[in-house]
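Undergrad: What follows is a single structure, and I will ask about it in a moment.
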Amino acid sequence: MSTKRYSEADLRALIEPFGNPMLAVVEGRVCSVNEAWLALVGAPREQVEGRPVMDFVQPEERSRLSERYRLLESGAPMEPRTQVYQLPCADGATREVALYATRLPLEGGAGALLLNCLPLVDGPPELALAERLVETSAGLVAAHSEDAVRRVALKGLEAAGFRVRLLRWDGERLLARDGQPLPEDVGLGMEALSDGRPVFGGADQASPSHVYLPVGGPQVEVLWVAGQWVAPRHGSVLTLFAKVVGAALTDARVQADGARSRWEVEAVAQMARFVAQPVPPTLEDFLSRVAELLQAASAALHLSPSQGRALALVTHVGLADLVRDGGHAERLTGVLADTGEGGLSTEVQGAALAALSGGRLGCGVLARLTRGGEVCGSVQVLRAGDRPFDARDVRLLGTLAELLVTLVEQRRLRAESSRQLAETRLLLDLARTTSGVLETSSILDVASDFLVHLLDVSNCYIMLYDESAKLLRGAAASTAHRDFFRTVVLPLHGDSLATRVARERRPIAIEDVSVSVEGYDAQLVQRFGEKALLALPLTSREELIGVVVVDDTRRPRAFGPELIELAEATCGQLALSIANARLYESLWASYAELAATRAEMVKRERLAALGELSAIVAHEVRNPLGVIFNAVASLRRLLDPGGDAAMLLDILGEESDRLNRIVGDLLDYTRPRDPVLQHEDLGRVLQDSLEAARAQGGGVDRPVHIQSEVEPGLPPVPMDRRLIRQALVNVAVNAIQSMPQGGLVQVRARREAHAGRDHLRIDVADQGPGIPAELLHRVFEPFFTTKAQGTGLGLAVVKRILEEHRGEIAVDSTPGRGTTFTFRLPLSQPPSFP
């Protein structure tokens with residue numbers, strides 16, 4: 001070792017002349033360097049001198065060399081052999097140098113380390129290629145995705161001076177990932193895949209120009225590498241690199257799959273919580289979340305309306321801007337749904353999606369919905385063609401489809417529960433309403449409107465069975481056709497839907513009238529515009545009460561078993577209510593008939609007693625009256641009276657006549673008689689009666705006009721001519737006497753339908769002062785009269801005569817405007833003979 005002690009200037013002067021890069025290190029820092037060193041590292045002097053010497057070594061060796069330098073400073077012996085190190089330079093590259101170290105003493109007792117560097121020439125190309133590939137392989141470790149692995153691999157090969165492309169195997173052929181045309185000899189790539197070894201190409205040249213390297217990995221891929229260093233002697237290096245790339249791709253896929261699996265589990269858990277809300281979400285909200293999870297532009301749901309029926313589009317999201325109408329939505333979403341199979345869309349389907357969406361969609365994935373092993377629907381998601389789905393998306397959508405089945409079933413059960421609750425409430429309302437109504441017509445009107453709402457139909461018609469005539473008669477209908485339907489009559493042996501149900505006692509449905517050519521009344525179907533029909537029998541205790549028919553004028557429809565069961569239950573309740581109402585009506589009629597019978601018995605007893613009394617009175621009164629009449633006649637003949645005596649005799653005669661008439665009227669009222677009915681000409685009876693009334697009522701001396709009008713073509717009427725004449729005379733006399741100042745008496749006779757039978761109606765109207773309303777109900781009572789000299793038996797006799805003819809009399813009066821008496825006689829009574 002030299003004994004000379006150097007200053008810093010001496011060190012600089014010592015190393016400057018050398019052509020080799022040299023530097024002096026004092027206490028771990030660069031003290032001075034020569035120009036050759038500065039040129040080697042590519043940095044100016046001010047950025048080198050004064051810095052720690054460890055800044056100029058590779059990071060991998062920094063710790064070792066720091067410890068080595070400490071040992072040298074502490075006096076450890078120097079190694080005699082030259083050391084080789086990697087020297088980082090300012091341009092980012094590294095230089096390999098051979099280094100020789102020498103100790104030099106410094107003034108003041110310190111020491112310096114003189115480092116002499118000899119740059120080494122570049123190694124052989126194979127070594128440089130191997131080093132570059134090793135560096136690239138190290139960079140693959142930091143890549144966390146398949147795309148990152150591919151980028152690092154391609155960049156490393158290009159940095160090593162190669163041209164490189166990546167080809168992938170889709171199961172049928174190789175495709176270029178860069179979208180460029182495939183190499184002409186791509187078949188060599190197939191050979192490389194098949195044999196699992198490099199296959200060199202370039203038959204038109206003396207040396208190979210490119211090589212196909214099978215990569216492997218989760219997706220089978222091939223590297224196409226071209227360059228001047230492509231040669232069979234490098235095949236092992238390239239093959240090893242390709243295997244490293246394949247391993248990196250596999251590792252990245254495993255990591256990505258793990259991350260994806262964790263994300264899918266969390267996503268499915270969130271969707272499960274979303275579905276399990278107390279109030280189930282809507283199908284649109286669920287589809288929106290599915291589309292968001294799968295990063296899809298739209299989603300659609302198809303469901304089968306019932307088992308065995310074709311799937312139909314129920315709802316969709318994300319297609320509002322693409323759908324022109326409902327048919328377009330069906331066609332667009334039907335591209336995948338029509339296949340019936342789940343999975344990824346094919347190229348043909350992608351092209352169809354692009355055509356229907358104007359290029360905004362181009363791929364999709366579909367999952368089937370199954371319940372109980374049967375396909376009940378499908379869900380699909382769609383997005384642009386440049387972002388294809390993969391198998392992981394198929395798996396996730398399949399899992400979400402199971403949740404969707406749960407949601408659909410949950411909503412169906414909830415809707416079914418709501419429907420059943422509503423139906424139960426409606427049935428309770430019907431039972432409450434019908435139980436409080438005891439009139440059949442009112443029950444039927446309420447029930448027809450109720451069935452329209454309960455069964456969601458257009459109209460309801462109820463027909464009742466007339467057993468005696470073997471007919472179904474329209475009894476009630478929903479509001480639109482209520483008045484007309486009451487006129488409908490169907491014979492039980494007919495071919496209409498209602499009569500078939502009445503005969504067979506079972507429900508019958510016609511789902512589509514247009515395809516059914518018989519089994520219904522074509523006229524009624526055309527009048528009501530019916531598309532579908534359902535008829536059910538009304539029975540109670542095996543007895544046919546009637547038939548209920550409901551229709552749908554909106555569209556053909558299937559009446560399912562649940563709806564028919566509900567309708568049958570409702571009809572059962574309705575039949576029970578009708579039977580109860582009929583029982584009540586029958587009981588009420590029996591009570592009314594009993595009351596009428598009792599009243600008739602009382603009346604007969606009263607008449608019998610009155611008749612006995614009348615006979616006694618007539619016997620006891622008419623004998624003295626005969627004496628009085630003879631005495632008055634004898635006095636007139638013997639005395640030839642005049643003045644007051646004549647007036648007194650006239651009064652005595654008039655009062656005797658009045659008393660005789662009272663006795664006669666009393667006998668007429670109480671005398672039992674059976675009318676002898678003969679078919680009489682009503683016109684002649686009226687004329688005879690009105691002439692007699694004019695004479696008896698004083699119409700000859702008063703300005704009273706009598707006008708009669710008989711309907712042309714009126715047939716002979718069965719009547720007792722004498723009794724009807726008496727009744728008409730009594731009423732007409734009252735009419736004439738009610739008009740002391742004169743007036744018009746109108747008598748009109750015509751045919752009339754009353755109480756289901758043909759009747760003769762005779763109206764006798766006057767223009768008298770009328771009868772006060774508070775007295776109107778008493779005019780037919782015996783001995784009730786408003787006349788000063790009346791007996792009160794005339795109208796009572798008239799009422800009795802009409803009742804004996806099975807007819808009736810009614811009165812209508814308006815004070816100040818006159819009174820009208822109405823006779824009604826049945827036209828179909830059989831004649832009787834004396």
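To be explicit about the labels: the chains of the structure tokens are called A, B, and onward in the order shown, and within each one the residues are counted from 1, while ligands get numbers from 1 in the order they are shown.
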May I have the residues within 9 Å of segment 254-260 of chain A as a PyMOL selection string, using only C-alpha atoms and disregarding those fewer than 3 positions away in the same chain?

TA: chain A and resi 144-146+249-251+263-265+392

Undergrad: Based on the backbone DSSP call, show me all residues of segment 539-590 of chain A assigned strand (DSSP E or B), as an MDAnalysis selection string.

TA: chainID A and resid 539:540 543:552

Undergrad: Counting only C-alpha atoms, which of A:Leu166, A:Ile706, A:Leu369, A:Val230 gets nearest to Leu303 of chain A?

TA: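 Counting only C-alpha atoms, the residue closest to Leu303 of chain A is A:Leu369.
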
Undergrad: For each of A:Ala247, A:Val525, A:Ala498, A:Ala581, take the minimum atom-to-atom distance to Ala143 of chain A, counting only C-alpha atoms, then give the residue where this is smallest.

TA: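 Residue with the minimum atom-to-atom distance to Ala143 of chain A: A:Ala247.
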
Undergrad: Pick out the residues sitting within 7 Å of Arg197 of chain A, and hand them over as a ChimeraX atom specification; count only C-alpha atoms, and ignore anything fewer than 3 positions along from it in its own chain.

TA: /A:192,213-214

Undergrad: With C-alpha atoms retained, could you export that selection as a short mmCIF file (atom, residue, chain, number, x, y, z; two decimals), in the first residue's frame?

TA:
data_model
loop_
_atom_site.label_atom_id
_atom_site.label_comp_id
_atom_site.auth_asym_id
_atom_site.auth_seq_id
_atom_site.Cartn_x
_atom_site.Cartn_y
_atom_site.Cartn_z
CA ALA A 192 -48.70 -25.77 -31.92
CA LEU A 213 -46.01 -20.54 -28.93
CA PRO A 214 -48.91 -22.32 -27.14
#
